[in-house]
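Asks: Got a structure for you, target-v7.tsv, holding TSV, C-alpha atoms.
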```
chain	number	residue	atom	x	y	z
A	158	MET	CA	95.05	-245.20	78.77
A	159	SER	CA	92.36	-242.60	79.36
A	160	GLU	CA	88.83	-243.59	80.20
A	161	LEU	CA	87.51	-242.09	76.99
A	162	LYS	CA	90.05	-243.96	74.90
A	163	ARG	CA	88.94	-247.18	76.57
A	164	LEU	CA	85.35	-246.33	75.72
A	165	ARG	CA	86.27	-245.54	72.11
A	166	ASP	CA	88.31	-248.72	71.77
A	167	ALA	CA	85.53	-250.84	73.24
A	168	MET	CA	82.99	-249.32	70.87
A	169	ARG	CA	85.15	-250.16	67.87
A	170	ALA	CA	86.37	-253.55	69.04
A	171	THR	CA	82.82	-254.83	69.20
A	172	GLU	CA	81.86	-253.99	65.61
A	173	ARG	CA	80.58	-257.00	63.71
A	174	PRO	CA	80.31	-257.60	60.01
A	175	THR	CA	76.69	-257.05	59.04
A	176	ALA	CA	74.79	-257.79	55.88
A	177	LEU	CA	71.43	-256.10	55.58
A	178	ASP	CA	68.97	-256.99	52.85
A	179	VAL	CA	69.72	-254.19	50.38
A	180	ALA	CA	67.08	-255.39	47.91
A	181	ALA	CA	64.40	-255.08	50.61
A	182	ILE	CA	65.75	-251.68	51.62
A	183	MET	CA	65.47	-250.42	48.05
A	184	ARG	CA	61.99	-251.88	47.63
A	185	ASP	CA	60.79	-250.16	50.83
A	186	GLY	CA	62.59	-246.97	49.85
A	187	ARG	CA	60.78	-246.86	46.52
A	188	ARG	CA	57.48	-247.42	48.33
A	189	LEU	CA	58.25	-244.58	50.75
A	190	ARG	CA	59.11	-242.29	47.86
A	191	ARG	CA	55.78	-243.07	46.21
A	192	ARG	CA	53.90	-242.43	49.45
A	193	ARG	CA	55.57	-239.07	49.88
A	194	ARG	CA	54.48	-238.07	46.39
A	195	MET	CA	50.92	-239.24	47.11
A	196	VAL	CA	50.72	-237.23	50.31
A	197	ARG	CA	51.84	-234.13	48.46
A	198	THR	CA	49.04	-234.68	45.97
A	199	GLY	CA	46.61	-235.70	48.72
A	200	GLY	CA	47.26	-232.51	50.66
A	201	ALA	CA	45.93	-230.40	47.84
A	202	THR	CA	42.91	-232.68	47.40
A	203	LEU	CA	42.22	-232.50	51.13
A	204	ALA	CA	42.14	-228.73	50.99
A	205	ALA	CA	39.49	-228.87	48.28
A	206	ALA	CA	37.45	-231.47	50.16
A	207	PHE	CA	37.46	-229.40	53.32
A	208	VAL	CA	36.20	-226.30	51.62
A	209	ALA	CA	33.26	-228.26	50.27
A	210	ALA	CA	32.40	-229.49	53.78
A	211	ALA	CA	32.73	-226.00	55.21
A	212	ALA	CA	30.31	-224.66	52.65
A	213	PHE	CA	27.41	-226.74	54.12
A	214	THR	CA	28.11	-225.41	57.58
A	215	VAL	CA	28.20	-221.91	56.34
A	216	VAL	CA	24.85	-222.28	54.57
A	217	ASP	CA	23.23	-223.56	57.79
A	218	ARG	CA	24.55	-220.60	59.74
A	219	ALA	CA	23.70	-218.12	56.99
A	220	ASP	CA	27.23	-216.83	57.13
A	221	PRO	CA	28.92	-215.35	54.07
A	222	PRO	CA	30.22	-217.97	51.66
A	223	PRO	CA	33.75	-219.12	52.28
A	224	ALA	CA	36.48	-217.44	50.37
A	225	GLN	CA	38.27	-219.26	47.63
A	226	HIS	CA	40.55	-221.87	49.03
A	227	HIS	CA	44.28	-221.72	48.59
A	228	PRO	CA	45.64	-225.24	48.60
A	229	THR	CA	49.31	-225.40	49.42
A	230	PRO	CA	51.68	-228.26	48.76
A	231	ALA	CA	51.75	-230.57	51.72
A	232	ALA	CA	54.96	-231.98	53.04
A	233	VAL	CA	55.58	-235.14	54.91
A	234	LEU	CA	58.60	-236.29	56.83
A	235	PRO	CA	60.15	-239.70	56.65
A	236	THR	CA	58.64	-240.72	59.97
A	237	SER	CA	55.21	-240.73	58.44
A	238	VAL	CA	53.40	-243.46	56.63
A	239	ALA	CA	50.97	-241.96	54.22
A	240	PRO	CA	47.63	-243.25	53.08
A	241	SER	CA	48.05	-245.38	50.03
A	242	ASP	CA	45.17	-244.67	47.69
A	243	ALA	CA	42.34	-242.41	48.80
A	244	PRO	CA	43.13	-238.77	49.48
A	245	PRO	CA	43.04	-237.99	53.20
A	246	ALA	CA	39.92	-236.32	54.56
A	247	PRO	CA	39.57	-235.29	58.22
A	248	VAL	CA	37.99	-237.88	60.48
A	249	GLY	CA	36.12	-236.14	63.27
A	250	GLY	CA	36.63	-232.57	64.40
A	251	VAL	CA	39.52	-230.33	63.50
A	252	VAL	CA	41.29	-229.00	66.60
A	253	ASP	CA	42.07	-225.29	66.55
A	254	THR	CA	45.15	-224.46	68.61
A	255	GLY	CA	45.13	-220.69	68.68
A	256	ILE	CA	48.69	-220.73	67.30
A	257	ARG	CA	48.65	-218.21	64.49
A	258	TYR	CA	50.94	-217.41	61.61
A	259	GLY	CA	49.49	-214.17	60.33
A	260	ALA	CA	46.05	-215.07	59.00
A	261	GLU	CA	46.69	-218.82	59.23
A	262	GLU	CA	46.13	-221.03	62.27
A	263	ARG	CA	47.77	-224.28	63.31
A	264	VAL	CA	45.29	-227.14	63.51
A	265	TYR	CA	45.46	-230.87	64.18
A	266	TYR	CA	43.12	-233.49	62.81
A	267	PHE	CA	42.95	-237.20	62.16
A	268	VAL	CA	42.90	-238.73	58.71
A	269	PRO	CA	42.39	-242.33	57.64
A	270	VAL	CA	45.57	-244.23	56.81
A	271	GLU	CA	46.40	-247.67	55.54
A	272	VAL	CA	49.64	-249.25	56.66
A	273	PRO	CA	50.61	-252.45	54.85
A	274	HIS	CA	50.31	-255.49	57.12
A	275	VAL	CA	49.16	-253.38	60.07
A	276	PRO	CA	45.35	-253.59	59.83
A	277	ARG	CA	44.65	-252.14	63.26
A	278	VAL	CA	46.25	-248.82	62.42
A	279	ARG	CA	43.57	-246.89	60.62
A	280	ILE	CA	44.12	-243.28	61.66
A	281	GLY	CA	47.00	-240.86	61.56
A	282	LEU	CA	47.28	-237.42	63.10
A	283	VAL	CA	48.01	-234.47	60.85
A	284	GLY	CA	49.58	-231.17	61.85
A	285	GLY	CA	48.21	-228.71	59.35
A	286	ARG	CA	47.10	-225.13	58.98
A	287	ARG	CA	43.73	-223.53	58.39
A	288	LEU	CA	44.17	-220.98	55.62
A	289	PRO	CA	42.28	-217.69	55.53
A	290	GLY	CA	39.65	-219.16	53.21
A	291	GLY	CA	39.03	-222.10	55.56
A	292	ALA	CA	40.98	-224.67	53.57
A	293	LEU	CA	43.28	-227.04	55.44
A	294	THR	CA	46.82	-227.93	54.65
A	295	ALA	CA	48.41	-231.23	55.65
A	296	ASP	CA	51.94	-230.35	56.71
A	297	TYR	CA	53.03	-233.30	58.81
A	298	LEU	CA	51.40	-236.69	59.26
A	299	VAL	CA	52.30	-239.21	61.93
A	300	ASN	CA	50.78	-242.61	62.53
A	301	ASP	CA	51.67	-245.85	64.23
A	302	VAL	CA	53.56	-248.36	62.15
A	303	LYS	CA	52.75	-251.36	64.30
A	304	GLY	CA	50.15	-252.48	66.80
A	305	ASN	CA	46.81	-250.80	67.34
A	306	ASP	CA	46.08	-247.11	66.92
A	307	ARG	CA	43.76	-247.19	69.97
A	308	SER	CA	46.01	-249.02	72.43
A	309	ALA	CA	46.33	-247.24	75.77
A	310	GLY	CA	49.17	-244.79	76.16
A	311	PHE	CA	51.25	-242.58	73.89
A	312	HIS	CA	51.39	-243.14	70.17
A	313	GLU	CA	53.74	-241.79	67.53
A	314	ILE	CA	54.82	-238.26	68.34
A	315	GLY	CA	55.34	-235.70	65.59
A	316	CYS	CA	58.64	-233.90	66.07
A	317	ASP	CA	59.23	-231.77	62.98
A	318	GLN	CA	62.99	-231.77	62.48
A	319	SER	CA	62.87	-230.60	58.89
A	320	ASP	CA	64.39	-227.31	60.02
A	321	GLY	CA	62.13	-225.46	57.64
A	322	ARG	CA	63.23	-227.49	54.62
A	323	LEU	CA	59.93	-229.33	54.23
A	324	THR	CA	57.54	-227.43	56.45
A	325	ASP	CA	57.32	-223.69	56.85
A	326	PRO	CA	56.45	-222.80	59.51
A	327	GLN	CA	57.67	-225.87	61.36
A	328	VAL	CA	54.98	-227.90	63.07
A	329	PRO	CA	54.90	-227.70	66.88
A	330	THR	CA	55.54	-231.07	68.52
A	331	PHE	CA	52.28	-233.02	68.78
A	332	GLY	CA	50.76	-236.45	69.20
A	333	TYR	CA	47.95	-238.31	70.88
A	334	PHE	CA	47.41	-240.32	74.00
A	335	VAL	CA	44.73	-242.93	74.54
A	336	GLY	CA	43.34	-242.87	78.07
A	337	PRO	CA	41.93	-240.51	80.70
A	338	ALA	CA	44.75	-237.98	80.48
A	339	HIS	CA	44.07	-234.77	82.36
A	340	SER	CA	47.56	-233.35	81.88
A	341	ILE	CA	50.57	-234.24	79.77
A	342	ILE	CA	54.04	-233.06	80.66
A	343	GLY	CA	57.07	-233.19	78.39
A	344	THR	CA	60.66	-232.85	79.58
A	345	VAL	CA	63.71	-231.42	77.84
A	346	ASP	CA	66.98	-231.04	79.70
A	347	GLY	CA	65.23	-231.35	83.03
A	348	GLN	CA	62.69	-228.65	82.24
A	349	ASN	CA	59.01	-229.55	82.31
A	350	MET	CA	56.59	-228.28	79.70
A	351	LYS	CA	52.84	-228.68	79.86
A	352	ALA	CA	51.13	-229.75	76.67
A	353	ARG	CA	47.82	-228.34	75.47
A	354	LEU	CA	45.09	-230.97	75.25
A	355	ALA	CA	41.91	-231.55	73.25
A	356	ARG	CA	39.69	-234.62	73.18
A	357	TRP	CA	38.92	-236.10	69.80
A	358	SER	CA	35.28	-235.70	68.79
A	359	GLU	CA	35.06	-239.31	67.58
A	360	ASP	CA	36.48	-240.99	70.69
A	361	PRO	CA	36.83	-239.17	74.03
A	362	GLN	CA	39.53	-241.63	75.09
A	363	VAL	CA	41.78	-240.12	72.43
A	364	VAL	CA	43.53	-237.00	73.71
A	365	ILE	CA	45.31	-234.88	71.11
A	366	PHE	CA	48.17	-232.86	72.56
A	367	TRP	CA	50.65	-230.30	71.32
A	368	PHE	CA	53.33	-228.06	72.79
A	369	ASP	CA	53.29	-224.30	72.47
A	370	PRO	CA	56.15	-223.48	70.09
A	371	THR	CA	57.19	-220.57	72.31
A	372	GLU	CA	57.84	-223.08	75.12
A	373	LEU	CA	59.16	-226.01	73.10
A	374	ALA	CA	60.76	-225.07	69.82
A	375	PRO	CA	59.59	-227.35	67.00
A	376	GLY	CA	62.12	-230.04	66.25
A	377	VAL	CA	63.65	-230.19	69.72
A	378	PRO	CA	63.32	-233.83	70.81
A	379	LEU	CA	61.67	-234.50	74.13
A	380	ASP	CA	63.67	-236.37	76.74
A	381	GLY	CA	60.51	-237.71	78.32
A	382	ILE	CA	56.77	-237.37	78.40
A	383	VAL	CA	54.20	-238.46	80.98
A	384	ALA	CA	50.44	-238.30	81.33
A	385	HIS	CA	48.46	-237.88	84.56
A	386	ASP	CA	44.80	-238.41	85.31
A	387	VAL	CA	42.49	-235.99	87.06
A	388	HIS	CA	43.80	-237.17	90.44
A	389	ASN	CA	47.36	-236.48	89.29
A	390	ARG	CA	48.12	-240.19	89.11
A	391	ARG	CA	50.58	-241.16	86.43
A	392	LEU	CA	48.97	-243.13	83.64
B	93	MET	CA	70.07	-251.31	37.54
B	94	THR	CA	70.51	-247.56	37.17
B	95	ARG	CA	73.76	-245.87	38.03
B	96	GLY	CA	72.14	-244.26	41.08
B	97	ASP	CA	70.93	-247.65	42.32
B	98	ALA	CA	74.36	-249.17	41.82
B	99	GLU	CA	75.87	-246.34	43.84
B	100	PHE	CA	73.35	-246.92	46.60
B	101	VAL	CA	74.08	-250.64	46.74
B	102	GLU	CA	77.76	-249.85	47.15
B	103	PHE	CA	76.99	-247.19	49.75
B	104	ALA	CA	74.71	-249.50	51.75
B	105	GLY	CA	77.32	-252.26	51.72
B	106	ALA	CA	79.96	-249.90	53.04
B	107	ALA	CA	77.80	-248.13	55.62
B	108	SER	CA	75.67	-250.96	57.05
B	109	ALA	CA	78.06	-252.35	59.65
B	110	ARG	CA	78.82	-248.99	61.25
B	111	LEU	CA	75.17	-247.92	61.24
B	112	VAL	CA	74.06	-251.19	62.82
B	113	HIS	CA	76.79	-251.01	65.42
B	114	ALA	CA	76.00	-247.40	66.27
B	115	ALA	CA	72.37	-248.40	66.71
B	116	PHE	CA	73.43	-251.31	68.88
B	117	LEU	CA	75.43	-248.95	71.09
B	118	MET	CA	72.35	-246.79	71.46
B	119	THR	CA	69.85	-249.58	72.10
B	120	GLY	CA	71.81	-252.55	73.47
B	121	ASP	CA	69.68	-254.76	71.26
B	122	HIS	CA	71.08	-256.21	68.08
B	123	HIS	CA	67.71	-256.96	66.48
B	124	ARG	CA	66.46	-253.46	67.14
B	125	ALA	CA	69.74	-252.07	65.87
B	126	GLU	CA	69.34	-253.89	62.56
B	127	ASP	CA	65.76	-252.65	62.26
B	128	ALA	CA	66.88	-249.07	62.91
B	129	ALA	CA	69.76	-249.23	60.43
B	130	GLN	CA	67.42	-250.72	57.85
B	131	THR	CA	64.92	-247.90	58.46
B	132	ALA	CA	67.67	-245.28	58.11
B	133	LEU	CA	68.81	-246.81	54.83
B	134	VAL	CA	65.25	-247.02	53.49
B	135	ARG	CA	64.82	-243.30	54.13
B	136	THR	CA	68.24	-242.60	52.67
B	137	TYR	CA	67.33	-244.48	49.52
B	138	ALA	CA	63.98	-242.68	49.30
B	139	SER	CA	65.92	-239.40	49.18
B	140	TRP	CA	68.88	-240.78	47.24
B	141	SER	CA	68.55	-238.59	44.15
B	142	ARG	CA	68.70	-235.50	46.37
B	143	ILE	CA	71.53	-236.53	48.68
B	144	ARG	CA	73.78	-238.83	46.67
B	145	GLU	CA	76.01	-235.96	45.56
B	146	GLY	CA	76.34	-234.67	49.11
B	147	ASP	CA	76.98	-236.26	52.48
B	148	ALA	CA	74.84	-239.37	52.13
B	149	TYR	CA	76.53	-241.08	55.06
B	150	GLY	CA	75.89	-238.07	57.28
B	151	TYR	CA	72.25	-238.10	56.20
B	152	ALA	CA	71.86	-241.80	57.02
B	153	ARG	CA	73.62	-241.36	60.36
B	154	SER	CA	71.43	-238.39	61.26
B	155	VAL	CA	68.23	-240.25	60.34
B	156	LEU	CA	69.38	-243.26	62.36
B	157	VAL	CA	70.26	-241.35	65.51
B	158	ASN	CA	67.16	-239.17	65.50
B	159	HIS	CA	64.98	-242.20	64.80
B	160	LEU	CA	66.44	-243.94	67.85
B	161	VAL	CA	66.29	-240.90	70.11
B	162	ASP	CA	62.60	-240.63	69.29
B	163	GLY	CA	62.16	-244.39	69.37
B	164	TRP	CA	61.73	-244.72	73.10
B	165	ARG	CA	58.23	-243.35	72.73
B	166	ARG	CA	57.24	-246.17	70.43
B	167	PRO	CA	56.26	-249.64	71.55
B	168	ILE	CA	59.51	-251.51	72.11
B	169	ARG	CA	59.82	-255.01	70.82
B	170	GLU	CA	61.21	-257.34	73.41
B	171	TYR	CA	63.77	-259.93	72.49
B	172	PRO	CA	64.63	-262.69	74.91
B	173	THR	CA	68.41	-262.65	74.82
B	174	GLU	CA	71.35	-261.09	73.12
B	175	ASP	CA	72.50	-263.49	70.42
B	176	VAL	CA	76.04	-264.81	70.49
B	177	PRO	CA	78.50	-263.97	67.70
B	178	GLU	CA	78.94	-266.79	65.26
B	179	GLN	CA	82.61	-266.51	64.44
B	180	ARG	CA	86.08	-265.43	65.59
B	181	GLY	CA	86.19	-268.17	68.24
B	182	ALA	CA	89.14	-267.16	70.42
B	183	ASP	CA	88.00	-263.56	70.76
B	184	VAL	CA	84.35	-264.32	71.30
B	185	ALA	CA	84.48	-264.42	75.09
B	186	ASP	CA	86.30	-261.10	75.28
B	187	GLU	CA	84.00	-259.54	72.74
B	188	VAL	CA	80.89	-260.75	74.53
B	189	THR	CA	82.25	-259.41	77.80
B	190	THR	CA	83.07	-256.06	76.22
B	191	ARG	CA	79.66	-255.82	74.56
B	192	ARG	CA	77.91	-256.58	77.84
B	193	TRP	CA	80.02	-254.00	79.60
B	194	LEU	CA	79.24	-251.42	76.93
B	195	VAL	CA	75.52	-252.16	77.09
B	196	SER	CA	75.69	-251.89	80.85
B	197	VAL	CA	77.51	-248.55	81.06
B	198	LEU	CA	75.66	-246.97	78.13
B	199	GLY	CA	72.40	-248.21	79.62
B	200	ALA	CA	72.91	-245.73	82.44
B	201	LEU	CA	72.35	-242.87	79.98
B	202	SER	CA	69.20	-241.29	78.62
B	203	PRO	CA	68.51	-241.78	74.88
B	204	ARG	CA	69.82	-238.35	74.02
B	205	GLU	CA	72.93	-238.74	76.18
B	206	ARG	CA	73.65	-242.07	74.50
B	207	ALA	CA	73.19	-240.48	71.09
B	208	ILE	CA	75.67	-237.74	71.92
B	209	VAL	CA	78.23	-240.22	73.28
B	210	VAL	CA	77.93	-242.38	70.17
B	211	LEU	CA	78.18	-239.42	67.80
B	212	ARG	CA	81.12	-237.93	69.71
B	213	TYR	CA	83.14	-241.01	70.56
B	214	TYR	CA	82.12	-243.62	68.01
B	215	PHE	CA	81.69	-241.42	64.95
B	216	ASP	CA	84.25	-238.89	66.24
B	217	LEU	CA	82.11	-235.90	65.33
B	218	ALA	CA	82.88	-232.42	66.63
B	219	GLU	CA	80.41	-231.02	69.17
B	220	ALA	CA	79.11	-228.49	66.63
B	221	LYS	CA	78.39	-231.27	64.15
B	222	VAL	CA	76.63	-233.31	66.85
B	223	ALA	CA	74.46	-230.28	67.63
B	224	GLU	CA	73.60	-229.91	63.95
B	225	GLU	CA	72.70	-233.58	63.50
B	226	LEU	CA	70.52	-233.69	66.60
B	227	GLY	CA	68.98	-230.29	65.95
B	228	VAL	CA	69.96	-228.93	69.36
B	229	SER	CA	72.18	-226.09	70.50
B	230	LEU	CA	75.91	-226.41	71.01
B	231	GLY	CA	75.37	-225.61	74.68
B	232	THR	CA	72.94	-228.51	74.98
B	233	VAL	CA	75.51	-230.86	73.47
B	234	LYS	CA	78.23	-229.64	75.84
B	235	SER	CA	76.10	-229.88	78.96
B	236	THR	CA	74.53	-233.21	77.99
B	237	SER	CA	77.91	-234.64	77.05
B	238	SER	CA	79.40	-233.57	80.35
B	239	ARG	CA	76.49	-235.08	82.25
B	240	ALA	CA	76.78	-238.29	80.25
B	241	LEU	CA	80.47	-238.66	81.03
B	242	GLU	CA	79.81	-238.15	84.72
B	243	LYS	CA	77.22	-240.92	84.60
B	244	LEU	CA	79.58	-243.18	82.64
B	245	ARG	CA	82.29	-242.70	85.23
B	246	ALA	CA	79.81	-243.50	87.98
B	247	ALA	CA	78.67	-246.58	86.04
B	248	GLY	CA	82.22	-247.88	85.72
B	249	ILE	CA	83.74	-246.55	82.54
B	250	ARG	CA	86.99	-248.34	83.40
B	251	ALA	CA	87.95	-251.19	81.13
B	252	PRO	CA	85.82	-254.29	81.36
B	253	GLU	CA	87.24	-257.20	83.26
B	254	THR	CA	88.13	-259.94	80.85
B	255	GLN	CA	86.14	-263.07	81.39
B	256	GLU	CA	88.25	-266.03	82.44
B	257	THR	CA	88.14	-268.92	80.03
B	258	CYS	CA	88.45	-272.56	81.03
B	259	PRO	CA	92.05	-273.69	81.66
```
Could you write out this structure as C-alpha cells?
Replies:
Amino acid sequence: MSELKRLRDAMRATERPTALDVAAIMRDGRRLRRRRRMVRTGGATLAAAFVAAAAFTVVDRADPPPAQHHPTPAAVLPTSVAPSDAPPAPVGGVVDTGIRYGAEERVYYFVPVEVPHVPRVRIGLVGGRRLPGGALTADYLVNDVKGNDRSAGFHEIGCDQSDGRLTDPQVPTFGYFVGPAHSIIGTVDGQNMKARLARWSEDPQVVIFWFDPTELAPGVPLDGIVAHDVHNRRL
Amino acid sequence: MTRGDAEFVEFAGAASARLVHAAFLMTGDHHRAEDAAQTALVRTYASWSRIREGDAYGYARSVLVNHLVDGWRRPIREYPTEDVPEQRGADVADEVTTRRWLVSVLGALSPRERAIVVLRYYFDLAEAKVAEELGVSLGTVKSTSSRALEKLRAAGIRAPETQETCP
C-alpha cells in the first residue's frame, strides 16, 4: 500500500457523522446577506459624506471647489462584518497609498462598525479609492469578529480573493497592527515582502499596512507575517 | 419554507460531515472545525440564490479552505483536549489513534500546505482545480504539494501503529 493511499484511507476512515445547526446557519446567512446590501448602500452614502467634509477643507485653503463626486457601488467580501445601521464615515485620517488606477488612488481608512455581541470591536478598516472628485469608495471592509479591536498584534487582514468579481481593481492586501511596529514583513513561498506603513491619526499605536500590488498580487494569501520594532526586535 | 431554502437544508445536511472533517484535518481541532464549517455554510447560504444552480459544494469548500488558510492570523481559541467519539465502541481506539496520527503528521505542515494536501488527497481534486480554489498558480500548487509530501514523509507518513487494547 502506497504512503499516499494510507494517508487517503486515514483521512476517510476518521470521518464522523456531524449535525450542524442548519437553522442557525440560515439565520446568520440571512443576516450576512442584509449586511452586504447595507454596505453597498452605505458605500454610496459615504462618498457623499466625504465630499461634504472635503468642501470645508477646500474653503479654508481657498482652493477651487471640489468636483462633483462620483459615488460607485461598494462591494464587500464575506470576510467582512458590516456596520448595521449608520452609514460608515471615515474615523480619523484617510491614508493615501500612492497606488494609482488612472485618476483614482487607493486609500485606506477606518470606519465605525458594530458587531453583534462583540462590544469592544468598534472600528473596521476599509480599502477604498479616492475618485477624481475627491469622493471615497468603500471597496473592501475588514474588522475583527471577536475580542478587542485595539489588542496588541495583528488584526483581521484583508486579502481580496474576489478575483475581480466584486472589486475592480482588486484591493491590495492590507490590515492593521497595534503596537510599535517599525517594519512589517509578509512571506509567500519563502519570499519576504515589506509592507508599507502609516500610523493612524487617531491612535499612533495603530499601524495601517498594505502590500504593493506589484510585489504581492492581490488575493494571494500570505504564508506568514511578522512585525519588528525600531530595534528590529520581533513584536 | 421556500424551495431554495429546502434545497439548502438538504445541501447542508449532505455536505456538513465532509466540510467539518476537512476543517478538522486542516486544524486538528474539532471545535474549530465545526466553527469553520458553520462559517462556510453561512456564507454559502448568503450567496445561495447565485450559486445554487452551479457548484454549491465547490463554493462552500473553497470558502472553508480559504477561511482556514487565512485563519491563522486571527486569535485562535484554545480548547483543552480533543473530545472522544461517542459511538462505534470497538473501533474507537483505532480511530482515536488514527486521528492523533493524522493531526500529528499534518501538524508538520504550514496552513497552505495542509490545505493543498486536504484538497488533493481528501477531496481528490486535480492540481489545476486546487490552484483555482486557492487562487494561486499551478506551479505554486505543484511545488507546495511536493514540499508538503516531503515533510509528511519526514513526519512519519507510514501507517499509524494500532493502539493495543486490554487483553
Asks: Applying 10 Å and all atoms listed in the file, which residues near Val112 in chain B remain after dropping the ones on its own chain fewer than 3 positions away? List them as a PyMOL selection string.
Replies: (chain A and resi 172-177) or (chain B and resi 107-109+115-118+122-130+132+156)
Asks: With 9 Å as the limit and counting all atoms listed in the file, what residues in chain A lie close to chain B? Please list them as a PyMOL selection string.
Replies: chain A and resi 159-191+235-236+301+303-304+311-314+316+318+320+346+376-382
Asks: Just to be explicit: take each residue in the selection above, keep C-alpha atoms, and write the result as a PDB file, in the frame of the given file.
Replies:
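For reference, out.pdb as written:
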```pdb
ATOM      1  CA  SER A 159      92.360-242.600  79.360  1.00  0.00           C
ATOM      2  CA  GLU A 160      88.830-243.590  80.200  1.00  0.00           C
ATOM      3  CA  LEU A 161      87.510-242.090  76.990  1.00  0.00           C
ATOM      4  CA  LYS A 162      90.050-243.960  74.900  1.00  0.00           C
ATOM      5  CA  ARG A 163      88.940-247.180  76.570  1.00  0.00           C
ATOM      6  CA  LEU A 164      85.350-246.330  75.720  1.00  0.00           C
ATOM      7  CA  ARG A 165      86.270-245.540  72.110  1.00  0.00           C
ATOM      8  CA  ASP A 166      88.310-248.720  71.770  1.00  0.00           C
ATOM      9  CA  ALA A 167      85.530-250.840  73.240  1.00  0.00           C
ATOM     10  CA  MET A 168      82.990-249.320  70.870  1.00  0.00           C
ATOM     11  CA  ARG A 169      85.150-250.160  67.870  1.00  0.00           C
ATOM     12  CA  ALA A 170      86.370-253.550  69.040  1.00  0.00           C
ATOM     13  CA  THR A 171      82.820-254.830  69.200  1.00  0.00           C
ATOM     14  CA  GLU A 172      81.860-253.990  65.610  1.00  0.00           C
ATOM     15  CA  ARG A 173      80.580-257.000  63.710  1.00  0.00           C
ATOM     16  CA  PRO A 174      80.310-257.600  60.010  1.00  0.00           C
ATOM     17  CA  THR A 175      76.690-257.050  59.040  1.00  0.00           C
ATOM     18  CA  ALA A 176      74.790-257.790  55.880  1.00  0.00           C
ATOM     19  CA  LEU A 177      71.430-256.100  55.580  1.00  0.00           C
ATOM     20  CA  ASP A 178      68.970-256.990  52.850  1.00  0.00           C
ATOM     21  CA  VAL A 179      69.720-254.190  50.380  1.00  0.00           C
ATOM     22  CA  ALA A 180      67.080-255.390  47.910  1.00  0.00           C
ATOM     23  CA  ALA A 181      64.400-255.080  50.610  1.00  0.00           C
ATOM     24  CA  ILE A 182      65.750-251.680  51.620  1.00  0.00           C
ATOM     25  CA  MET A 183      65.470-250.420  48.050  1.00  0.00           C
ATOM     26  CA  ARG A 184      61.990-251.880  47.630  1.00  0.00           C
ATOM     27  CA  ASP A 185      60.790-250.160  50.830  1.00  0.00           C
ATOM     28  CA  GLY A 186      62.590-246.970  49.850  1.00  0.00           C
ATOM     29  CA  ARG A 187      60.780-246.860  46.520  1.00  0.00           C
ATOM     30  CA  ARG A 188      57.480-247.420  48.330  1.00  0.00           C
ATOM     31  CA  LEU A 189      58.250-244.580  50.750  1.00  0.00           C
ATOM     32  CA  ARG A 190      59.110-242.290  47.860  1.00  0.00           C
ATOM     33  CA  ARG A 191      55.780-243.070  46.210  1.00  0.00           C
ATOM     34  CA  PRO A 235      60.150-239.700  56.650  1.00  0.00           C
ATOM     35  CA  THR A 236      58.640-240.720  59.970  1.00  0.00           C
ATOM     36  CA  ASP A 301      51.670-245.850  64.230  1.00  0.00           C
ATOM     37  CA  LYS A 303      52.750-251.360  64.300  1.00  0.00           C
ATOM     38  CA  GLY A 304      50.150-252.480  66.800  1.00  0.00           C
ATOM     39  CA  PHE A 311      51.250-242.580  73.890  1.00  0.00           C
ATOM     40  CA  HIS A 312      51.390-243.140  70.170  1.00  0.00           C
ATOM     41  CA  GLU A 313      53.740-241.790  67.530  1.00  0.00           C
ATOM     42  CA  ILE A 314      54.820-238.260  68.340  1.00  0.00           C
ATOM     43  CA  CYS A 316      58.640-233.900  66.070  1.00  0.00           C
ATOM     44  CA  GLN A 318      62.990-231.770  62.480  1.00  0.00           C
ATOM     45  CA  ASP A 320      64.390-227.310  60.020  1.00  0.00           C
ATOM     46  CA  ASP A 346      66.980-231.040  79.700  1.00  0.00           C
ATOM     47  CA  GLY A 376      62.120-230.040  66.250  1.00  0.00           C
ATOM     48  CA  VAL A 377      63.650-230.190  69.720  1.00  0.00           C
ATOM     49  CA  PRO A 378      63.320-233.830  70.810  1.00  0.00           C
ATOM     50  CA  LEU A 379      61.670-234.500  74.130  1.00  0.00           C
ATOM     51  CA  ASP A 380      63.670-236.370  76.740  1.00  0.00           C
ATOM     52  CA  GLY A 381      60.510-237.710  78.320  1.00  0.00           C
ATOM     53  CA  ILE A 382      56.770-237.370  78.400  1.00  0.00           C
TER      54      ILE A 382
END
```
Asks: Please, what distance in Å, to one decimal, runs between CA of Asp325 in chain A and CA of Gly231 in chain B?
Replies: 25.4 Å
Asks: Between CA of Asp317 in chain A and CA of Ile256 in chain A, what is the spacing in Å?
Replies: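 Those two atoms sit 15.9 Å apart.
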Asks: Set the distance at 7 Å and use only C-alpha atoms: which residues neighbour Trp367 in chain A once local chain neighbours fewer than 5 positions away are removed? I'd like the list as a PyMOL selection string.
Replies: chain A and resi 329-332+352-354
Asks: Output the selection as a compact mmCIF listing (two decimals), in the coordinates of the input - C-alpha atoms for each residue.
Replies:
```
# COMPACT_ATOMS: atom_id res chain seq x y z
CA PRO A 329 54.90 -227.70 66.88
CA THR A 330 55.54 -231.07 68.52
CA PHE A 331 52.28 -233.02 68.78
CA GLY A 332 50.76 -236.45 69.20
CA ALA A 352 51.13 -229.75 76.67
CA ARG A 353 47.82 -228.34 75.47
CA LEU A 354 45.09 -230.97 75.25
```
Asks: Please report the interatomic distance between CA of Val363 in chain A and CA of Gly285 in chain A in Å with one decimal.
Replies: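 Calculated distance between CA of Val363 in chain A and CA of Gly285 in chain A is 18.5 Å.
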